[in-house]
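Chemist: Below you'll find target_5.cif; it's mmCIF, C-alpha atoms and all ligand atoms.
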```
data_model
loop_
_atom_site.label_atom_id
_atom_site.label_comp_id
_atom_site.auth_asym_id
_atom_site.auth_seq_id
_atom_site.Cartn_x
_atom_site.Cartn_y
_atom_site.Cartn_z
CA MET A 1 0.00 0.00 0.00
CA GLY A 2 1.27 3.50 -0.85
CA VAL A 3 1.26 6.64 1.25
CA LYS A 4 -2.16 8.27 1.52
CA LEU A 5 -2.91 11.74 0.17
CA GLY A 6 -6.09 13.79 0.57
CA ILE A 7 -6.56 16.49 -2.05
CA VAL A 8 -9.05 19.32 -1.70
CA GLY A 9 -9.18 21.21 -4.96
CA SER A 10 -10.45 22.07 -8.38
CA ILE A 11 -11.70 19.73 -11.09
CA ASN A 12 -11.86 21.22 -14.60
CA LEU A 13 -12.24 20.26 -18.19
CA ASP A 14 -9.37 21.82 -20.18
CA LEU A 15 -10.21 23.11 -23.67
CA VAL A 16 -6.84 23.53 -25.34
CA ALA A 17 -5.79 25.43 -28.48
CA SER A 18 -2.14 24.64 -29.22
CA GLY A 19 0.45 25.40 -31.85
CA ALA A 20 -0.41 29.05 -32.56
CA PRO A 21 1.36 32.04 -30.96
CA LEU A 22 -0.23 33.25 -27.69
CA PRO A 23 -2.60 36.15 -28.46
CA THR A 24 -2.02 39.59 -26.96
CA ALA A 25 -5.00 41.55 -25.55
CA GLY A 26 -7.50 42.22 -28.34
CA GLU A 27 -5.69 40.00 -30.83
CA THR A 28 -7.13 36.96 -32.65
CA VAL A 29 -4.72 34.23 -33.69
CA THR A 30 -5.63 31.33 -35.98
CA GLY A 31 -4.09 28.03 -36.96
CA ALA A 32 -4.27 26.26 -33.58
CA ARG A 33 -5.13 22.57 -32.99
CA PHE A 34 -7.92 21.76 -30.54
CA ALA A 35 -7.93 19.11 -27.81
CA GLN A 36 -9.96 18.50 -24.67
CA HIS A 37 -8.51 16.93 -21.49
CA PRO A 38 -9.46 16.58 -17.84
CA GLY A 39 -7.64 19.19 -15.74
CA GLY A 40 -7.85 21.50 -12.73
CA LYS A 41 -4.95 21.99 -10.33
CA GLY A 42 -6.57 19.81 -7.66
CA ALA A 43 -7.41 16.95 -9.99
CA ASN A 44 -4.01 17.15 -11.74
CA GLN A 45 -2.18 16.93 -8.40
CA ALA A 46 -4.39 14.05 -7.30
CA LEU A 47 -3.69 12.10 -10.47
CA ALA A 48 0.03 12.90 -10.36
CA ALA A 49 0.27 11.44 -6.84
CA ARG A 50 -1.82 8.43 -7.81
CA ARG A 51 0.37 7.59 -10.83
CA LEU A 52 3.40 7.77 -8.54
CA GLY A 53 1.92 5.09 -6.29
CA ALA A 54 -0.07 6.94 -3.61
CA ASP A 55 -3.59 6.13 -2.46
CA VAL A 56 -5.46 9.33 -3.21
CA PHE A 57 -8.77 10.70 -1.95
CA MET A 58 -10.15 13.71 -3.82
CA ALA A 59 -12.63 16.23 -2.37
CA GLY A 60 -14.16 18.74 -4.79
CA CYS A 61 -17.23 19.61 -6.84
CA VAL A 62 -18.35 19.22 -10.45
CA GLY A 63 -21.49 20.56 -12.11
CA ASP A 64 -24.59 18.58 -13.06
CA ASP A 65 -23.77 18.91 -16.76
CA ALA A 66 -22.38 16.81 -19.59
CA LEU A 67 -18.79 17.96 -18.88
CA ALA A 68 -18.61 16.42 -15.40
CA GLU A 69 -17.88 12.85 -16.44
CA SER A 70 -15.21 13.95 -18.93
CA ALA A 71 -13.54 16.00 -16.18
CA LEU A 72 -13.47 12.99 -13.84
CA ALA A 73 -12.58 10.35 -16.44
CA LEU A 74 -8.85 9.92 -15.79
CA LEU A 75 -9.22 10.19 -12.00
CA ARG A 76 -11.68 7.30 -12.13
CA GLN A 77 -9.60 5.33 -14.64
CA ASP A 78 -6.46 5.51 -12.49
CA GLY A 79 -8.20 4.72 -9.21
CA VAL A 80 -8.35 8.07 -7.41
CA ASP A 81 -11.16 7.84 -4.84
CA VAL A 82 -13.76 10.34 -6.11
CA SER A 83 -16.63 8.91 -4.08
CA ALA A 84 -16.99 12.18 -2.15
CA VAL A 85 -16.80 14.52 -5.17
CA MET A 86 -20.11 16.39 -5.13
CA SER A 87 -22.30 17.06 -8.16
CA GLU A 88 -23.70 20.56 -7.66
CA ILE A 89 -27.23 21.01 -8.97
CA GLY A 90 -27.64 23.94 -11.35
CA THR A 91 -23.94 24.66 -11.81
CA SER A 92 -21.51 24.03 -14.64
CA THR A 93 -18.34 21.97 -14.30
CA GLY A 94 -15.18 24.10 -14.10
CA VAL A 95 -13.63 24.83 -17.49
CA ALA A 96 -10.15 26.08 -18.35
CA LEU A 97 -9.53 27.76 -21.71
CA ILE A 98 -5.86 27.12 -22.47
CA SER A 99 -3.64 28.43 -25.26
CA VAL A 100 -0.29 26.67 -25.75
CA SER A 101 2.38 28.31 -27.91
CA PRO A 102 4.71 26.38 -30.26
CA GLU A 103 7.37 26.76 -27.52
CA GLY A 104 5.12 25.02 -24.96
CA GLU A 105 4.26 28.13 -22.90
CA ASN A 106 0.62 28.62 -21.90
CA GLN A 107 -2.08 31.14 -21.01
CA ILE A 108 -5.00 29.87 -18.92
CA THR A 109 -8.40 31.38 -18.14
CA VAL A 110 -10.54 29.41 -15.67
CA ALA A 111 -14.33 29.58 -15.40
CA SER A 112 -14.63 28.12 -11.89
CA GLY A 113 -18.23 26.88 -12.06
CA ALA A 114 -18.81 24.22 -9.40
CA ASN A 115 -15.29 24.67 -7.97
CA ALA A 116 -16.57 27.87 -6.35
CA ARG A 117 -19.06 25.73 -4.38
CA VAL A 118 -16.42 23.64 -2.59
CA SER A 119 -16.97 24.32 1.12
CA ALA A 120 -15.80 23.30 4.57
CA THR A 121 -18.55 20.66 4.53
CA ASP A 122 -16.87 18.83 1.64
CA VAL A 123 -13.72 18.55 3.73
CA LEU A 124 -15.54 16.66 6.52
CA ASN A 125 -15.28 13.52 4.39
CA LEU A 126 -11.48 13.66 4.25
CA PRO A 127 -10.10 10.41 5.72
CA LYS A 128 -6.93 10.24 7.81
CA CYS A 129 -4.02 10.85 5.40
CA ASP A 130 -0.25 11.26 5.46
CA VAL A 131 -0.53 14.51 3.49
CA VAL A 132 -3.41 16.90 2.83
CA LEU A 133 -2.62 18.89 -0.34
CA CYS A 134 -4.59 21.97 -1.46
CA GLN A 135 -4.32 24.73 -4.07
CA LEU A 136 -6.18 28.04 -4.39
CA GLU A 137 -8.69 27.34 -7.17
CA VAL A 138 -11.40 26.60 -4.56
CA PRO A 139 -12.69 28.94 -1.82
CA ILE A 140 -10.25 29.71 0.99
CA ALA A 141 -12.84 28.54 3.56
CA ALA A 142 -12.43 25.00 2.22
CA VAL A 143 -8.62 25.24 2.35
CA LEU A 144 -8.78 26.51 5.95
CA ALA A 145 -11.06 23.60 6.85
CA ALA A 146 -8.61 21.20 5.19
CA ALA A 147 -5.77 22.67 7.27
CA GLU A 148 -7.80 22.11 10.43
CA ARG A 149 -8.56 18.55 9.40
CA ALA A 150 -4.85 17.95 8.71
CA ALA A 151 -3.95 19.25 12.17
CA GLU A 152 -6.64 17.08 13.83
CA THR A 153 -5.48 13.93 12.07
CA GLY A 154 -1.72 14.52 12.22
CA ALA A 155 -1.31 14.89 8.43
CA LEU A 156 1.34 17.07 6.79
CA MET A 157 -0.46 20.15 5.40
CA ALA A 158 0.79 21.19 1.96
CA ILE A 159 -0.51 24.14 -0.04
CA ASN A 160 0.33 25.05 -3.60
CA LEU A 161 -0.31 28.82 -3.40
CA ALA A 162 -1.61 28.99 -6.98
CA PRO A 163 -3.10 31.05 -8.43
CA ALA A 164 -1.54 33.76 -6.24
CA GLN A 165 -4.05 35.66 -4.12
CA ASN A 166 -4.33 37.16 -0.66
CA VAL A 167 -4.78 34.48 2.00
CA PRO A 168 -5.19 34.75 5.77
CA THR A 169 -1.85 34.66 7.61
CA GLU A 170 -3.22 31.82 9.75
CA LEU A 171 -3.44 29.64 6.63
CA LEU A 172 0.27 30.09 5.94
CA ARG A 173 1.03 29.38 9.60
CA GLN A 174 -1.01 26.17 9.54
CA SER A 175 0.96 24.75 6.62
CA ASP A 176 3.98 22.42 6.81
CA LEU A 177 4.85 22.80 3.13
CA LEU A 178 4.18 25.72 0.76
CA ILE A 179 4.85 25.28 -2.96
CA VAL A 180 5.26 28.30 -5.24
CA ASN A 181 6.67 29.30 -8.60
CA GLU A 182 8.69 32.47 -9.11
CA VAL A 183 5.66 34.69 -9.75
CA GLU A 184 3.92 33.40 -6.62
CA ALA A 185 7.10 33.72 -4.55
CA GLU A 186 7.28 37.40 -5.48
CA PHE A 187 3.58 37.90 -4.67
CA TYR A 188 3.82 36.40 -1.15
CA GLY A 189 7.32 37.68 -0.36
CA ASP A 190 8.74 37.20 3.14
CA ALA A 191 5.45 35.87 4.51
CA LEU A 192 6.32 32.53 2.91
CA HIS A 193 9.31 32.02 5.15
CA GLN A 194 7.75 32.89 8.49
CA THR A 195 5.75 29.71 8.94
CA GLY A 196 8.45 27.39 10.31
CA GLY A 197 7.59 24.89 7.56
CA LEU A 198 9.19 24.04 4.24
CA VAL A 199 8.91 26.24 1.15
CA ALA A 200 9.48 24.67 -2.28
CA LEU A 201 10.24 27.08 -5.12
CA THR A 202 10.02 25.92 -8.73
CA LEU A 203 12.25 27.80 -11.16
CA GLY A 204 11.23 26.32 -14.54
CA GLY A 205 14.32 25.60 -16.61
CA ALA A 206 16.54 26.63 -13.68
CA GLY A 207 15.40 23.78 -11.43
CA ALA A 208 13.92 23.98 -7.95
CA ALA A 209 14.91 24.80 -4.38
CA LEU A 210 13.68 23.96 -0.89
CA TYR A 211 13.86 26.38 2.05
CA LYS A 212 13.26 26.16 5.78
CA MET A 213 12.89 29.41 7.74
CA GLY A 214 14.26 31.30 4.73
CA LYS A 215 17.40 29.15 4.56
CA GLU A 216 18.03 27.05 1.44
CA ILE A 217 18.31 23.37 2.42
CA ALA A 218 18.33 21.76 -1.05
CA ARG A 219 18.58 22.78 -4.72
CA VAL A 220 18.41 20.72 -7.91
CA GLN A 221 19.04 21.52 -11.57
CA ALA A 222 16.25 21.01 -14.10
CA PHE A 223 16.33 17.81 -16.17
CA SER A 224 17.05 18.54 -19.81
CA VAL A 225 14.01 17.41 -21.83
CA PRO A 226 12.21 18.56 -25.00
CA VAL A 227 9.44 20.99 -24.00
CA VAL A 228 6.08 20.29 -25.67
CA ASP A 229 3.56 21.69 -23.16
CA THR A 230 4.26 23.06 -19.67
CA THR A 231 0.59 22.82 -18.59
CA GLY A 232 0.38 20.72 -15.43
CA ALA A 233 4.14 20.59 -14.78
CA GLY A 234 3.74 22.57 -11.56
CA ASP A 235 0.90 20.29 -10.48
CA THR A 236 3.05 17.23 -11.17
CA PHE A 237 5.81 18.74 -9.02
CA CYS A 238 3.34 19.33 -6.15
CA GLY A 239 1.92 15.80 -6.25
CA ALA A 240 5.35 14.20 -6.55
CA LEU A 241 6.98 16.28 -3.81
CA SER A 242 4.12 15.42 -1.44
CA VAL A 243 4.47 11.71 -2.21
CA ALA A 244 8.26 11.75 -1.77
CA LEU A 245 8.16 13.62 1.55
CA ALA A 246 5.39 11.33 2.85
CA GLU A 247 7.55 8.34 1.92
CA GLY A 248 10.38 9.79 4.02
CA ALA A 249 12.72 11.00 1.26
CA ASP A 250 15.35 13.54 2.37
CA PRO A 251 14.97 17.15 1.08
CA GLU A 252 17.31 16.72 -1.91
CA GLY A 253 15.91 13.32 -2.85
CA ALA A 254 12.34 14.61 -2.66
CA LEU A 255 13.19 17.66 -4.76
CA LYS A 256 14.92 15.50 -7.40
CA PHE A 257 11.99 13.10 -7.57
CA ALA A 258 9.52 15.99 -8.00
CA SER A 259 11.70 17.71 -10.62
CA ALA A 260 12.05 14.49 -12.62
CA ALA A 261 8.27 13.96 -12.59
CA ALA A 262 7.66 17.58 -13.65
CA ALA A 263 10.26 17.28 -16.44
CA LEU A 264 8.49 14.25 -17.89
CA ALA A 265 5.16 16.09 -17.74
CA VAL A 266 6.38 18.83 -20.10
CA THR A 267 7.37 16.33 -22.80
CA LYS A 268 3.75 15.53 -23.77
CA PRO A 269 0.66 17.61 -24.54
CA GLY A 270 -2.11 18.21 -21.98
CA ALA A 271 -2.04 18.31 -18.20
CA GLN A 272 -3.44 14.95 -17.10
CA PRO A 273 -2.49 12.90 -20.20
CA SER A 274 1.15 13.90 -19.67
CA LEU A 275 1.48 12.82 -16.02
CA PRO A 276 4.21 10.18 -15.66
CA ASN A 277 4.06 6.93 -13.69
CA ARG A 278 6.55 5.79 -11.08
CA GLU A 279 8.63 3.63 -13.43
CA GLN A 280 9.11 6.51 -15.88
CA VAL A 281 10.27 8.84 -13.10
CA GLU A 282 12.64 6.26 -11.67
CA ALA A 283 14.06 5.57 -15.14
CA LEU A 284 14.79 9.29 -15.66
CA LEU A 285 16.41 9.53 -12.23
CA ALA A 286 18.56 6.48 -13.00
CA ARG A 287 19.75 8.04 -16.29
CA ALA A 288 20.68 11.39 -14.67
O1 LIG B 301 -2.15 23.97 -13.55
C1 LIG B 301 -2.78 23.65 -14.75
C2 LIG B 301 -4.27 23.68 -14.57
O2 LIG B 301 -4.69 24.98 -14.26
C3 LIG B 301 -5.06 23.28 -15.80
O3 LIG B 301 -5.29 21.90 -15.90
C4 LIG B 301 -6.31 24.12 -15.69
O4 LIG B 301 -7.48 23.39 -15.51
C5 LIG B 301 -6.06 25.11 -14.55
O5 LIG B 301 -6.72 24.75 -13.41
#
```
Translate the structure described by the file into structure tokens.
Ligand code: RIB
Modeler:
Amino acid sequence: MGVKLGIVGSINLDLVASGAPLPTAGETVTGARFAQHPGGKGANQALAARRLGADVFMAGCVGDDALAESALALLRQDGVDVSAVMSEIGTSTGVALISVSPEGENQITVASGANARVSATDVLNLPKCDVVLCQLEVPIAAVLAAAERAAETGALMAINLAPAQNVPTELLRQSDLLIVNEVEAEFYGDALHQTGGLVALTLGGAGAALYKMGKEIARVQAFSVPVVDTTGAGDTFCGALSVALAEGADPEGALKFASAAAALAVTKPGAQPSLPNREQVEALLARA
């Protein structure tokens, strides 16, 4: 049996236009290819952890529309426990409109739909876990409730502070692990390092670093891979880092494992379809 993760977060359907330059404000670009994949930061992180061998319980909401089953398809297929995912009457399933450039960079607009209905009540179902992992695409009240549940049950509380937004200081203080990219690190500033917990910073092509109380305790270089689509790479990192720390990996080992998983995720199109399994990550680590 693997380590157990509880994820409280968003579940989306990603509508992706790839291969054309990213439009600027007011501009129309043509020539893109269309694809549709399950997505959402919460669901992506849940699936990433599951493919790396964890038992994963997902709390979240979908709408009562035709998109819901498509959004949940890969979670169900890979054995994430979605028994407590609520279907919200009269709401639409979350949708992300994603443009991916020929270089693999993206622009994402999310229509939250049912994700905005996730509440503290949905968190009551969270079983005892090794790690509770949240992001900020659902209401903060639900994330605060998840942090309380983690404290009650002795779980490590991890938060991917994405997308960046103002959060109560108590939420940062209740976390054991905060995960940010460079943009988010700049948004939160010093507040990140005053929690006593770990802070993981992803640096894209420059690798990743782990801090405790503002002091760097580990740093890894990025794996050199062909970049097809960066969508979901950050989510892969979050899921993988949570799994590795729950399994007892040391800071550098955990960071390497997460970076290898994220590197593999950028080599294929789509967020969830690109998430690697354990064997693929271990093979990349063995080659490095
Ligand atoms: O982090 C990538 C995810 O952000 C996409 O799957 C999209 O749904 C948005 O939530």
Chemist: What are the closest atom pairs, with distances in Å to one decimal, for all residues of stretch 12-89 of chain A lying within 9 Å of stretch 274-283 of chain A? Consider only C-alpha atoms, order rows by chain and residue number, and present the result as JSON lines.
Modeler:
```
{"residue": "A:Asn44", "atom": "CA", "partner": "A:Leu275", "partner_atom": "CA", "distance": 8.2}
{"residue": "A:Leu47", "atom": "CA", "partner": "A:Leu275", "partner_atom": "CA", "distance": 7.6}
{"residue": "A:Ala48", "atom": "CA", "partner": "A:Leu275", "partner_atom": "CA", "distance": 5.8}
{"residue": "A:Arg50", "atom": "CA", "partner": "A:Asn277", "partner_atom": "CA", "distance": 8.4}
{"residue": "A:Arg51", "atom": "CA", "partner": "A:Asn277", "partner_atom": "CA", "distance": 4.7}
{"residue": "A:Leu52", "atom": "CA", "partner": "A:Arg278", "partner_atom": "CA", "distance": 4.5}
{"residue": "A:Gly53", "atom": "CA", "partner": "A:Arg278", "partner_atom": "CA", "distance": 6.7}
```
Chemist: Leaving out A:Cys129 and any residue of its chain fewer than 4 positions from it, which residues lie within 8 Å of it when counting all atoms listed in the file, given as a list in words?
Modeler: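 These residues fall inside the cut-off: Val3, Lys4, Leu5, Gly6, Ala150, Thr153 and Ala155 of chain A.
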Chemist: Counting all atoms listed in the file, which residue out of A:Ala49, A:Ala244, A:Ala260, A:Ala249 sits closest to A:Val225?
Modeler: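 Closest residue, counting all atoms listed in the file: A:Ala260.
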Chemist: List all protein, DNA and RNA residues that have an atom no more than 7 Å from any atom of ligand LIG 301 (chain B), counting only C-alpha atoms and all ligand atoms, and report them as an MDAnalysis selection string.
Modeler: chainID A and resid 10 12:14 39:41 44 95:96 108 110 231:232 234:235 271
Chemist: Skipping near chain neighbours, those fewer than 2 positions away, what residues fall within 7 Å of A:Gly42 using all atoms listed in the file, listed as a list of chain:residue names?
Modeler: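 Answer for this query is A:Ile7, A:Val8, A:Gly9, A:Ser10, A:Ile11, A:Gly40, A:Asn44, A:Gln45, A:Ala46, A:Cys134, A:Gln135.
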Chemist: Please measure the separation of atom CA of A:Leu178 and atom CA of A:Ala141, giving the value in Å to one decimal.
Modeler: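 Taking atom CA of A:Leu178 as the start and atom CA of A:Ala141 as the end point, the length is 17.5 Å.
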Chemist: Please provide the set of residues having any atom within 8 Å of A:Gly113, restricted to all atoms listed in the file, with same-chain residues fewer than 6 positions apart removed, written as a ChimeraX atom specification.
Modeler: /A:62-63,91-95
Chemist: Rounded to one decimal in Å, what is the spacing between atom CA of A:Val100 and atom CA of A:Pro273?
Modeler: 15.0 Å
Chemist: Pick from A:Val167, A:Val138, A:Ala35, A:Pro127: nearest to A:Ser112, with only C-alpha atoms counted?
Modeler: A:Val138
Chemist: Any idea what the distance is between atom CA of A:Val16 and atom CA of A:Glu69?
Modeler: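 Calculated distance between atom CA of A:Val16 and atom CA of A:Glu69 is 17.8 Å.
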